[in-house]
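Asks: work_0.txt (compact mmCIF, C-alpha atoms) pasted underneath:
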# COMPACT_ATOMS: atom_id res chain seq x y z
CA MET B 1 240.88 63.95 -27.54
CA THR B 2 242.90 65.85 -24.91
CA LEU B 3 243.43 64.35 -21.46
CA LYS B 4 243.67 66.68 -18.44
CA LEU B 5 243.95 66.00 -14.76
CA SER B 6 243.36 69.52 -13.40
CA PHE B 7 240.05 70.73 -11.98
CA GLY B 8 238.57 67.25 -12.14
CA ILE B 9 238.42 67.23 -15.94
CA ILE B 10 239.30 63.78 -17.27
CA ALA B 11 239.00 64.50 -20.98
CA GLU B 12 237.58 66.94 -23.47
CA GLU B 13 236.66 66.88 -27.14
CA GLN B 14 234.97 68.97 -29.78
CA ARG B 15 231.35 68.12 -30.50
CA LEU B 16 228.60 69.50 -32.71
CA CYS B 17 225.31 70.68 -31.21
CA GLN B 18 222.59 69.25 -33.42
CA LYS B 19 220.14 71.93 -32.30
CA HIS B 20 222.28 75.01 -32.89
CA LYS B 21 224.65 73.51 -35.50
CA LYS B 22 227.63 74.89 -33.59
CA GLU B 23 230.74 73.22 -32.25
CA TYR B 24 231.48 73.31 -28.55
CA THR B 25 234.03 71.81 -26.20
CA SER B 26 232.56 68.91 -24.24
CA ARG B 27 234.35 67.99 -21.02
CA MET B 28 234.24 64.71 -19.17
CA PHE B 29 234.04 64.58 -15.38
CA LEU B 30 233.84 61.77 -12.90
CA ARG B 31 230.89 61.64 -10.53
CA ASN B 32 231.29 60.54 -6.92
CA ASP B 33 230.06 57.08 -7.86
CA GLY B 34 232.79 56.78 -10.48
CA SER B 35 230.52 57.20 -13.52
CA GLU B 36 231.44 59.52 -16.36
CA TYR B 37 229.65 62.74 -17.18
CA TRP B 38 230.13 64.73 -20.41
CA SER B 39 229.14 68.39 -20.45
CA GLY B 40 226.66 69.47 -23.10
CA CYS B 41 226.25 72.45 -25.37
CA PRO B 42 226.65 75.67 -23.34
CA ILE B 43 224.00 77.44 -25.43
CA CYS B 44 221.53 74.64 -24.70
CA TYR B 45 222.50 74.82 -21.03
CA ASP B 46 221.80 78.58 -20.90
CA GLU B 47 218.47 78.09 -22.65
CA ASP B 48 217.49 75.33 -20.21
CA GLU B 49 218.41 77.52 -17.25
CA ARG B 50 216.38 80.43 -18.62
CA GLU B 51 213.41 78.14 -19.21
CA LYS B 52 213.79 76.72 -15.70
CA ARG B 53 213.76 80.22 -14.21
CA ARG B 54 210.76 81.13 -16.38
CA GLN B 55 208.84 78.09 -15.15
CA GLU B 56 209.76 78.92 -11.56
CA GLN B 57 208.45 82.46 -12.04
CA ILE B 58 205.24 81.12 -13.56
CA GLN B 59 204.74 78.79 -10.59
CA GLU B 60 205.43 81.67 -8.18
CA GLN B 61 202.86 83.81 -10.01
CA ILE B 62 200.32 80.99 -9.89
CA ALA B 63 200.93 80.47 -6.17
CA TYR B 64 200.62 84.22 -5.54
CA LYS B 65 197.37 84.41 -7.50
CA GLN B 66 195.97 81.41 -5.60
CA ARG B 67 196.81 83.08 -2.28
CA LEU B 68 195.27 86.34 -3.51
CA ILE B 69 192.09 84.59 -4.67
CA ALA B 70 191.81 82.77 -1.34
CA ARG B 71 192.16 86.08 0.50
CA LEU B 72 189.64 87.83 -1.76
CA PHE B 73 187.18 84.97 -1.32
CA LYS B 74 187.52 85.19 2.46
CA GLN B 75 186.99 88.95 2.32
CA SER B 76 183.89 88.50 0.16
CA ALA B 77 181.92 87.29 3.21
CA ILE B 78 180.04 84.75 1.12
CA PRO B 79 178.08 82.66 3.67
CA PRO B 80 179.34 79.08 4.11
CA ARG B 81 176.02 77.68 2.88
CA PHE B 82 176.65 79.21 -0.55
CA GLU B 83 180.42 78.71 -0.84
CA SER B 84 180.03 75.74 -3.19
CA ASP B 85 177.55 77.47 -5.52
CA THR B 86 178.71 77.59 -9.14
CA PHE B 87 177.13 77.84 -12.55
CA ASP B 88 177.86 74.15 -13.09
CA ASN B 89 175.74 73.01 -10.15
CA TYR B 90 172.82 75.39 -10.75
CA ILE B 91 169.95 73.14 -11.86
CA ALA B 92 168.23 74.70 -14.87
CA ASP B 93 165.48 72.17 -15.55
CA THR B 94 163.04 74.61 -17.20
CA THR B 95 163.31 77.15 -19.98
CA ASP B 96 162.94 80.07 -17.56
CA LYS B 97 165.69 78.77 -15.29
CA LEU B 98 167.97 78.19 -18.25
CA THR B 99 167.35 81.75 -19.42
CA VAL B 100 168.38 83.35 -16.13
CA LYS B 101 171.35 81.01 -15.79
CA ASN B 102 172.65 81.76 -19.27
CA THR B 103 172.14 85.50 -18.82
CA MET B 104 174.12 85.52 -15.58
CA LEU B 105 176.75 83.24 -17.06
CA GLN B 106 177.22 85.67 -19.93
CA PHE B 107 177.47 88.54 -17.44
CA ALA B 108 180.12 86.57 -15.53
CA ASN B 109 182.04 85.63 -18.68
CA GLU B 110 182.22 89.33 -19.52
CA ILE B 111 182.93 90.37 -15.94
CA ASP B 112 186.00 92.49 -16.73
CA ALA B 113 184.07 94.68 -19.17
CA ASN B 114 180.94 94.74 -16.99
CA LEU B 115 182.85 95.88 -13.90
CA LYS B 116 184.73 98.48 -15.90
CA LEU B 117 181.39 99.90 -17.06
CA GLY B 118 179.80 99.59 -13.62
CA ARG B 119 177.02 97.48 -15.09
CA ASN B 120 174.41 96.27 -12.57
CA VAL B 121 172.01 93.36 -12.14
CA ILE B 122 168.59 93.17 -10.50
CA LEU B 123 167.34 89.69 -9.56
CA ALA B 124 163.69 89.93 -8.56
CA GLY B 125 161.06 87.37 -7.74
CA ASN B 126 160.13 84.41 -5.62
CA PRO B 127 162.29 83.11 -2.75
CA GLY B 128 164.03 79.78 -3.23
CA ASN B 129 164.56 80.37 -6.93
CA GLY B 130 168.37 80.47 -6.94
CA LYS B 131 169.03 84.21 -6.98
CA THR B 132 171.80 83.89 -4.38
CA HIS B 133 173.23 80.85 -6.15
CA LEU B 134 173.70 82.75 -9.40
CA SER B 135 175.00 85.88 -7.63
CA VAL B 136 177.63 83.91 -5.73
CA ALA B 137 178.61 82.03 -8.88
CA THR B 138 179.14 85.40 -10.57
CA ALA B 139 181.14 86.72 -7.62
CA LYS B 140 183.40 83.67 -7.77
CA VAL B 141 184.20 84.36 -11.42
CA ALA B 142 185.03 87.96 -10.51
CA ILE B 143 187.25 86.83 -7.63
CA ASP B 144 189.03 84.30 -9.85
CA LYS B 145 189.98 87.28 -12.00
CA THR B 146 191.24 89.04 -8.84
CA HIS B 147 188.37 91.52 -8.60
CA THR B 148 187.03 92.32 -5.15
CA ALA B 149 183.52 91.26 -4.19
CA LEU B 150 181.35 91.54 -1.10
CA PHE B 151 178.15 89.72 -0.16
CA THR B 152 175.85 91.26 2.44
CA THR B 153 172.21 91.43 3.31
CA VAL B 154 170.70 94.89 3.41
CA GLY B 155 169.92 94.34 7.10
CA GLU B 156 173.56 93.59 7.92
CA MET B 157 174.72 96.58 5.95
CA ILE B 158 172.25 98.92 7.65
CA ASP B 159 173.34 97.60 11.06
CA LYS B 160 176.99 98.34 10.24
CA ILE B 161 176.13 101.83 9.07
CA ASN B 162 174.03 102.53 12.16
CA GLU B 163 176.78 101.20 14.43
CA ALA B 164 179.14 103.79 12.95
CA GLY B 165 177.17 106.54 14.69
CA TRP B 166 178.51 109.97 13.72
CA ASN B 167 180.85 108.31 11.21
CA LYS B 168 178.11 106.89 8.99
CA ALA B 169 179.61 108.52 5.90
CA THR B 170 182.77 106.42 6.25
CA ALA B 171 180.72 103.27 6.79
CA ILE B 172 178.81 104.02 3.59
CA ASP B 173 182.10 104.63 1.77
CA ASN B 174 183.28 101.16 2.80
CA TYR B 175 180.49 99.65 0.70
CA THR B 176 181.69 101.64 -2.29
CA VAL B 177 185.11 99.95 -2.30
CA PRO B 178 184.35 96.43 -3.66
CA ASP B 179 184.30 96.04 -7.43
CA LEU B 180 181.14 93.94 -7.07
CA LEU B 181 178.61 94.27 -4.25
CA ILE B 182 175.83 91.73 -3.78
CA LEU B 183 172.94 93.25 -1.81
CA ASP B 184 170.57 90.55 -0.64
CA GLU B 185 167.10 90.91 0.87
CA VAL B 186 166.16 94.34 -0.44
CA THR B 187 162.73 94.65 1.15
CA TYR B 188 159.95 97.15 1.82
CA THR B 189 160.27 96.76 5.62
CA LEU B 190 163.00 99.42 5.73
CA ASN B 191 162.13 102.63 7.51
CA ASN B 192 162.85 106.04 6.01
CA GLU B 193 166.34 106.37 7.50
CA GLU B 194 167.28 102.86 6.38
CA GLN B 195 165.99 103.57 2.89
CA LYS B 196 168.15 106.71 2.81
CA SER B 197 171.25 104.72 3.78
CA LEU B 198 170.51 102.12 1.12
CA PHE B 199 169.96 104.88 -1.43
CA LYS B 200 173.30 106.48 -0.53
CA VAL B 201 175.22 103.22 -0.93
CA ILE B 202 173.71 102.39 -4.31
CA ASN B 203 173.95 105.97 -5.56
CA LYS B 204 177.57 106.33 -4.48
CA ARG B 205 178.47 103.06 -6.17
CA TYR B 206 176.79 104.38 -9.30
CA GLU B 207 178.84 107.57 -9.13
CA GLN B 208 182.06 105.59 -8.60
CA VAL B 209 181.22 103.22 -11.50
CA ARG B 210 180.93 100.15 -9.26
CA SER B 211 178.74 97.18 -10.13
CA THR B 212 175.95 96.05 -7.81
CA ILE B 213 173.76 92.96 -7.82
CA ILE B 214 170.39 93.57 -6.17
CA GLN B 215 168.47 90.55 -4.86
CA THR B 216 164.86 91.00 -3.84
CA ASN B 217 161.66 89.05 -3.43
CA LEU B 218 159.70 92.17 -4.29
CA PRO B 219 157.91 92.76 -7.57
CA MET B 220 159.57 95.54 -9.58
CA ALA B 221 156.75 97.96 -8.77
CA ASP B 222 157.40 97.55 -5.03
CA LEU B 223 161.17 97.70 -5.53
CA LYS B 224 160.72 101.06 -7.22
CA ASN B 225 158.86 102.27 -4.11
CA VAL B 226 161.78 101.17 -1.90
CA LEU B 227 164.66 102.44 -4.02
CA GLY B 228 162.96 105.18 -5.96
CA GLU B 229 162.51 105.60 -9.69
CA ARG B 230 165.85 107.37 -10.09
CA ILE B 231 167.91 104.56 -8.52
CA ILE B 232 166.10 101.90 -10.55
CA ASP B 233 166.81 103.93 -13.67
CA ARG B 234 170.49 104.17 -12.77
CA LEU B 235 170.74 100.47 -12.01
CA ARG B 236 169.37 99.72 -15.46
CA GLU B 237 171.60 102.25 -17.19
CA ASN B 238 174.22 101.13 -19.70
CA GLY B 239 172.80 97.69 -20.28
CA GLY B 240 171.91 96.84 -16.68
CA VAL B 241 170.33 93.39 -16.39
CA VAL B 242 166.90 92.69 -14.85
CA LEU B 243 165.89 89.06 -14.37
CA TYR B 244 162.62 87.71 -12.99
CA PHE B 245 162.37 84.52 -10.93
CA THR B 246 158.77 83.35 -11.07
CA TRP B 247 158.75 79.61 -10.43
CA GLU B 248 158.01 77.61 -7.30
CA SER B 249 160.63 77.51 -4.55
CA TYR B 250 163.01 74.56 -4.83
CA ARG B 251 162.84 74.29 -1.03
CA LYS B 252 159.24 73.04 -1.15
Please express the file's structure as structure tokens.

Replies:
Amino acid sequence: MTLKLSFGIIAEEQRLCQKHKKEYTSRMFLRNDGSEYWSGCPICYDEDEREKRRQEQIQEQIAYKQRLIARLFKQSAIPPRFESDTFDNYIADTTDKLTVKNTMLQFANEIDANLKLGRNVILAGNPGNGKTHLSVATAKVAIDKTHTALFTTVGEMIDKINEAGWNKATAIDNYTVPDLLILDEVTYTLNNEEQKSLFKVINKRYEQVRSTIIQTNLPMADLKNVLGERIIDRLRENGGVVLYFTWESYRK
């Protein structure tokens, strides 16, 4: 053992690192409280520092993703009433309900591939059957994977497009941007101009390979009259999903 007084080193000795099977010089220092401290293997120290920096980077990435997800969720415009909707709290107490839940859950579990293909979903049938619940649950999965999503009723969308006046084309383009668009309340009460705007949004999303979820209380025959045979055909292209909600409203 060699004793030194310079640079605060009290003593040093050769030791063997059991992990790396290499000798290193261990130095003894005195802490402020008078206790002794022996330095460890420098290779182990470097590895610990690299691991510490790696963990810090992982935590920074997690924090960034959480902030991004929070921002994407806020931008999704999901109404507060539906913010807590998930697949876990969708009550599937009949075979039909379980079928639609499992189909949408599979769509959500494969969301990356579905959005890449621009695959669409049509949810048609009775009100109060959980169409919005399952759509929002799907949007949440997409957002958790940092995809963009937007929830809007057709009425709200038409109002925004009409408010754009001469710049309607840009307003329509805005609805092409989200990776996933949920269009609620597709109904036959739309006039001809409103139907044209709706057609343009859906058709442009089709051309840009963007996924759309259509929610409607209309039977498919009436939905075809609103959207047209060509749009329905495009929505069902490439494995597009059509689900029917035929049970009594849970609100009753």

Asks: Report, in Å to a single decimal, how far apart atom CA of B:Phe73 and atom CA of B:Asn217 are.

Replies: 25.9 Å

Asks: State, in Å with one decimal place, the distance from atom CA of B:Ser26 to atom CA of B:Asp48.

Replies: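 So the two atoms, atom CA of B:Ser26 and atom CA of B:Asp48, lie 16.9 Å apart.
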
Asks: Measure the distance from atom CA of B:Phe29 to atom CA of B:Ala11 in Å and round it to one decimal.

Replies: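 Here the two named atoms are 7.5 Å from each other.
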
Asks: From the options B:Leu123, B:Ala108, B:Val154, B:Leu98, which residue's atoms come nearest to B:Lys140, counting all atoms listed in the file?

Replies: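 Ranked by minimum distance to B:Lys140, first place goes to B:Ala108.
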
Asks: Looking at only C-alpha atoms, which of B:Leu68, B:Val186, B:Met157, B:Ile143 is the one that sits closest to B:Asp222?

Replies: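 For B:Asp222, the nearest of the given residues is B:Val186.
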